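Engineer: Please find one structure pasted underneath; my questions will follow.
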Amino acid sequence: MSVQEDIGGRPLPPGWAAPAHQPGAFELPTTTFRERADRTMARPFARKAIAGATDHAAALTWRKFEGVDHDALRDQAKQIRAHAIANLPDYLEQWIDNAEGNGTVVHFAADETEARRIIAGICVDEAIQSVVKSKSMASEEVSLNSALEGVGVDVVETDLGEFVVQAMGDRPGHVIAPILHRTKDEVHALFSDMAGEDLPNEAEALTAFARAGLRHAFLTADGGISGGNFLIAETGEVMLVTNEGNGRLTTSVPRVHIALVGIEKVIPRRRDLAVLLPLLTGHGTGQQITTYVSVTGGPRRDGEPDGPERTHVVLLDAGRSALLGGEFEEALHCIRCGACQNVCPVYRQVGGHAYGWVYGGPIGAVLTPLFRGQEEGGEVAQATTLCGACDDICPVRIPLHDLLLGLRRQRDAEGQAPRGEQLSFAVWAAVCSRPRLYRASTAVSRTALGLLAHGDTVSARVPGLRRWTAGRDLVLQRTSR
Amino acid sequence: MTDRASFLAAVRSTPRGHDPGLPDRGQAPDAPTELRDGEARIDRLVAESESVSAGVQRVSAAGVGDCVAQLLGSAGAIRIALTEDLGAHAGAIRDACEAAGLDVDDYASVAPDRARAGALQATVTGCAAAVAATGSIVTTARGAGRAGALIAPTHICVVNEHQIVGGLHELFDGDVLADVGSLFALQSGPSRSADIEKVLILGVHGPGNVQLVIVED
């Protein structure tokens, strides 16, 4: 019996995927935050959808923890993460020993280039010609798909949202909801084009179309590539959560499983999941638990009916170890739930792409300068209001607001702020620390603004303050003298 | 190429941050994924399973076979496979399914051929445990296999009442996960996605139809 006939699956049409992003081809160095943000702001659907979905997710999260001591639970989670990161070398070593004991082949990638080379090498060595991929932000960091295509491997993203992202040549717009910024109409047009016929414009029919192609991919792929939500030190296992089931199929059906996981994902024990799992899922999607929680410990063993013949785990450093013990270490506590994005007043307007690299929202504004450097990534740490909503919702209580302030100070100390900004703050400091000069400056400003005012309101674009005044009126309070 | 020693050396070369130690975890955390005081396990499991769109049947040991065959009939499944973790119920289920004219195989004999496994219309599995507070079925590589619970569009899972644990704490602290093989997994209701404009769709890659058959003690 052929795969095609009996399971409703069918091969994806040739050339369905957009070309993979080349390594380092991020927008960060070539565009400004404002330019990227403007693109999303110009799409009314995206703005409405992002705000609507993030509101919904945040409300579900708070509701999920009603009736329990949410703060105490988060304190425990913070403690587990802080303990694991403070002892990272030991737990990492324990994890490696146990994983190797399970038959996992462990690889070590110091940076993105090495991760790409290792995984491409595994594909060559294992004669892998096609892979199915389960959503992994780490693989976005290293632009993995282009490395695979470089050695002639066909790649299929199997998370529904990531599949759309891959077909469009887009990038994920949210850590856990990759096509939050896309409309059903856009997906309909894309899939109809792929199908060569006008599909019904309904989410159910569109999902069924994707399922058939992805089903075929699962049943024919040589390899499966996933990320990992946690590495469990005491057992050498990798934990993965998904709702669609693509994570389990990716790690279990093809003959080789490869996982790419950041070293900071280590936790000491399975029992720590009783604290971390409800927080990851509750803060991620507002679910009691995700539909599938899969904990894998190496390849298929004797007596098991299915599973991969070989399992490889690639541990990724890529800037993580440099943060240990320093001012920004707590950024490594992140469990990638995406809750801080949902409550961030900036993210909710501009979406994930504005951040220019892989991660958006407050955690993206922290990780981008840390992993890409201040020169390239420093600007996004400015793209926050410092309102602290991210601190309030973080399930592991990362003080994101303090980290953002620290990154702003660091940018200033490194002299990476734009000249104009440096100059204006130097002038401001000079004026404010000299009372006479300050008084004189206010008199001058009042006179100048008076000239631009109509009645009590300045609606004009004030030279030098165009960005500020373009969308705001300035109301003058006339003092009686 | 970075080797283990130099990779770990980089991780060790930085000063250590503050270590608050591990929290005292003698008792269950106060979390939504734990049983509440005075709650009966079976009742919570039923409620949570239904809230994630899984069907639930409660039967006596004598009624398992017929119940499973009936569920398969309603699902329109003909090509089905049974996994090894059905234990004492396996015989009765097989008999009832064969009597109903279904095409019954062992999952272990089907699984090596991906085309055959992919063509299954339903799988019937046991479990290592069920978690009341999350509505989850816990399967293992040794029992239901790694993909046995989600390879087909319908999954029927037989849960013995005594296998129900209260919450995640009891699951991870107990000994049910002592010998799981290369995987253990929790699955809670049908496969789902809301990627397209937040519209919830069931049965994306895994089963759209999940049924628990709870065998009462």
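So you can find residues: chains in the structure tokens are A, B, ... in the order shown, residues in each start at 1, and ligands are numbered from 1 in order.
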Give me, as a PyMOL selection string, the residues of chain B that a backbone DSSP run labels helix (DSSP H, G or I).

Structural biologist: chain B and resi 4-12+41-51+61-75+84-99+107-110+114-118+132-134+161-163+168-173

Engineer: Residues within 9 Å of Phe26 of chain A, please, as an mmCIF file with C-alpha atoms, in the first residue's frame. Count only C-alpha atoms; anything in the same chain fewer than 4 positions from it doesn't count.

Structural biologist:
```cif
data_model
loop_
_atom_site.group_PDB
_atom_site.id
_atom_site.type_symbol
_atom_site.label_atom_id
_atom_site.label_comp_id
_atom_site.auth_asym_id
_atom_site.auth_seq_id
_atom_site.Cartn_x
_atom_site.Cartn_y
_atom_site.Cartn_z
ATOM 1 C CA HIS A 21 17.423 32.998 5.315
ATOM 2 C CA GLN A 22 21.189 33.074 4.989
ATOM 3 C CA THR A 30 20.730 47.338 8.160
ATOM 4 C CA GLY A 356 15.192 42.807 14.097
ATOM 5 C CA TRP A 357 16.640 39.514 15.304
ATOM 6 C CA VAL A 358 15.053 36.342 16.723
#
```

Engineer: Kindly determine which residues of chain B lie within 7 Å of chain A, considering only C-alpha atoms, and give the answer as number ranges by chain.

Structural biologist: B: 2-4, 7-8, 10-12, 14-23, 29-33, 108, 111-112, 114-115, 118-119, 134, 141-142, 145-147, 168-169, 172-173, 181-189, 191-193, 195-197, 199, 201, 204-206

Engineer: If we count only C-alpha atoms, what is near Ala152 of chain B at a cut-off of 10 Å, once residues fewer than 5 positions away on the same chain are taken out, given as an MDAnalysis selection string?

Structural biologist: (chainID A and resid 7) or (chainID B and resid 77 79:81 117:124 147 203 205:209)

Engineer: When DSSP works through the backbone of this structure, what residues of segment 232-444 of chain A end up as strand (DSSP E), shown as a CSV table (one decimal) with N, CA and C atoms, in the first residue's frame?

Structural biologist:
```
chain,number,residue,atom,x,y,z
A,232,ILE,N,17.0,17.7,31.4
A,232,ILE,CA,16.9,17.2,32.8
A,232,ILE,C,18.2,16.5,33.2
A,237,GLU,N,17.6,13.6,29.9
A,237,GLU,CA,16.5,13.7,29.0
A,237,GLU,C,16.3,15.1,28.4
A,238,VAL,N,15.5,15.2,27.3
A,238,VAL,CA,15.2,16.4,26.7
A,238,VAL,C,13.6,16.5,26.7
A,239,MET,N,13.1,17.6,27.3
A,239,MET,CA,11.7,17.8,27.3
A,239,MET,C,11.2,18.8,26.2
A,240,LEU,N,10.1,18.4,25.6
A,240,LEU,CA,9.6,19.3,24.5
A,240,LEU,C,8.1,19.4,24.7
A,241,VAL,N,7.5,20.6,24.6
A,241,VAL,CA,6.1,20.8,24.7
A,241,VAL,C,5.6,21.3,23.3
A,242,THR,N,4.4,20.7,22.9
A,242,THR,CA,3.8,21.2,21.7
A,242,THR,C,2.2,20.9,21.9
A,256,VAL,N,16.5,9.2,12.5
A,256,VAL,CA,17.5,10.0,13.3
A,256,VAL,C,16.8,11.2,13.9
A,257,HIS,N,17.0,11.5,15.2
A,257,HIS,CA,16.5,12.7,15.8
A,257,HIS,C,17.7,13.5,16.3
A,258,ILE,N,17.6,14.8,15.9
A,258,ILE,CA,18.7,15.8,16.3
A,258,ILE,C,18.0,16.9,17.0
A,259,ALA,N,18.5,17.2,18.2
A,259,ALA,CA,17.9,18.3,19.0
A,259,ALA,C,19.0,19.4,19.1
A,260,LEU,N,18.6,20.7,18.9
A,260,LEU,CA,19.5,21.8,19.1
A,260,LEU,C,19.0,22.6,20.4
A,261,VAL,N,19.8,22.6,21.4
A,261,VAL,CA,19.3,23.2,22.7
A,261,VAL,C,20.3,24.1,23.3
A,262,GLY,N,19.9,25.3,23.7
A,262,GLY,CA,20.8,26.2,24.5
A,262,GLY,C,21.2,25.6,25.8
A,266,VAL,N,19.1,23.7,31.1
A,266,VAL,CA,19.2,22.6,32.1
A,266,VAL,C,18.5,22.9,33.4
A,267,ILE,N,17.8,21.9,33.9
A,267,ILE,CA,17.2,21.9,35.2
A,267,ILE,C,17.7,20.6,35.9
A,292,TYR,N,0.7,18.1,24.4
A,292,TYR,CA,1.8,17.1,24.4
A,292,TYR,C,3.0,17.5,25.2
A,293,VAL,N,3.4,16.7,26.1
A,293,VAL,CA,4.7,17.0,26.8
A,293,VAL,C,5.5,15.7,26.6
A,294,SER,N,6.6,15.8,25.8
A,294,SER,CA,7.3,14.6,25.5
A,294,SER,C,8.7,14.7,26.1
A,295,VAL,N,9.1,13.7,26.8
A,295,VAL,CA,10.4,13.7,27.5
A,295,VAL,C,11.2,12.5,26.9
A,296,THR,N,12.2,12.8,26.1
A,296,THR,CA,12.9,11.8,25.4
A,296,THR,C,14.3,11.6,26.0
A,310,ARG,N,19.0,6.6,16.0
A,310,ARG,CA,20.1,7.4,16.6
A,310,ARG,C,19.5,8.8,17.1
A,311,THR,N,20.1,9.2,18.2
A,311,THR,CA,19.7,10.6,18.7
A,311,THR,C,21.0,11.4,18.9
A,312,HIS,N,20.9,12.6,18.4
A,312,HIS,CA,22.0,13.6,18.6
A,312,HIS,C,21.5,14.8,19.3
A,313,VAL,N,22.2,15.3,20.3
A,313,VAL,CA,21.8,16.6,20.9
A,313,VAL,C,23.0,17.5,20.7
A,314,VAL,N,22.7,18.7,20.1
A,314,VAL,CA,23.8,19.7,19.9
A,314,VAL,C,23.5,20.8,21.0
A,315,LEU,N,24.5,20.9,21.9
A,315,LEU,CA,24.4,21.9,23.0
A,315,LEU,C,25.0,23.2,22.4
A,316,LEU,N,24.2,24.3,22.5
A,316,LEU,CA,24.5,25.6,21.9
A,316,LEU,C,24.9,26.6,23.0
```

Engineer: Write out as a list in words the residues lying within 6 Å of Val56 of chain B, counting only C-alpha atoms and excluding same-chain residues fewer than 5 positions away.

Structural biologist: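 Here the answer would be Gln211, Leu212 and Val213 of chain B.
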
Engineer: Quick one: everything within 10 Å of Val475 of chain A, counting only C-alpha atoms, minus sequence neighbours fewer than 2 positions away in the same chain. Send it as a list in words.

Structural biologist: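 So the residues in contact are Leu449, Ala453, His454, Gly455, Asp456, Thr457, Val458, Ser459, Arg472, Asp473, Gln477 and Arg478 of chain A.
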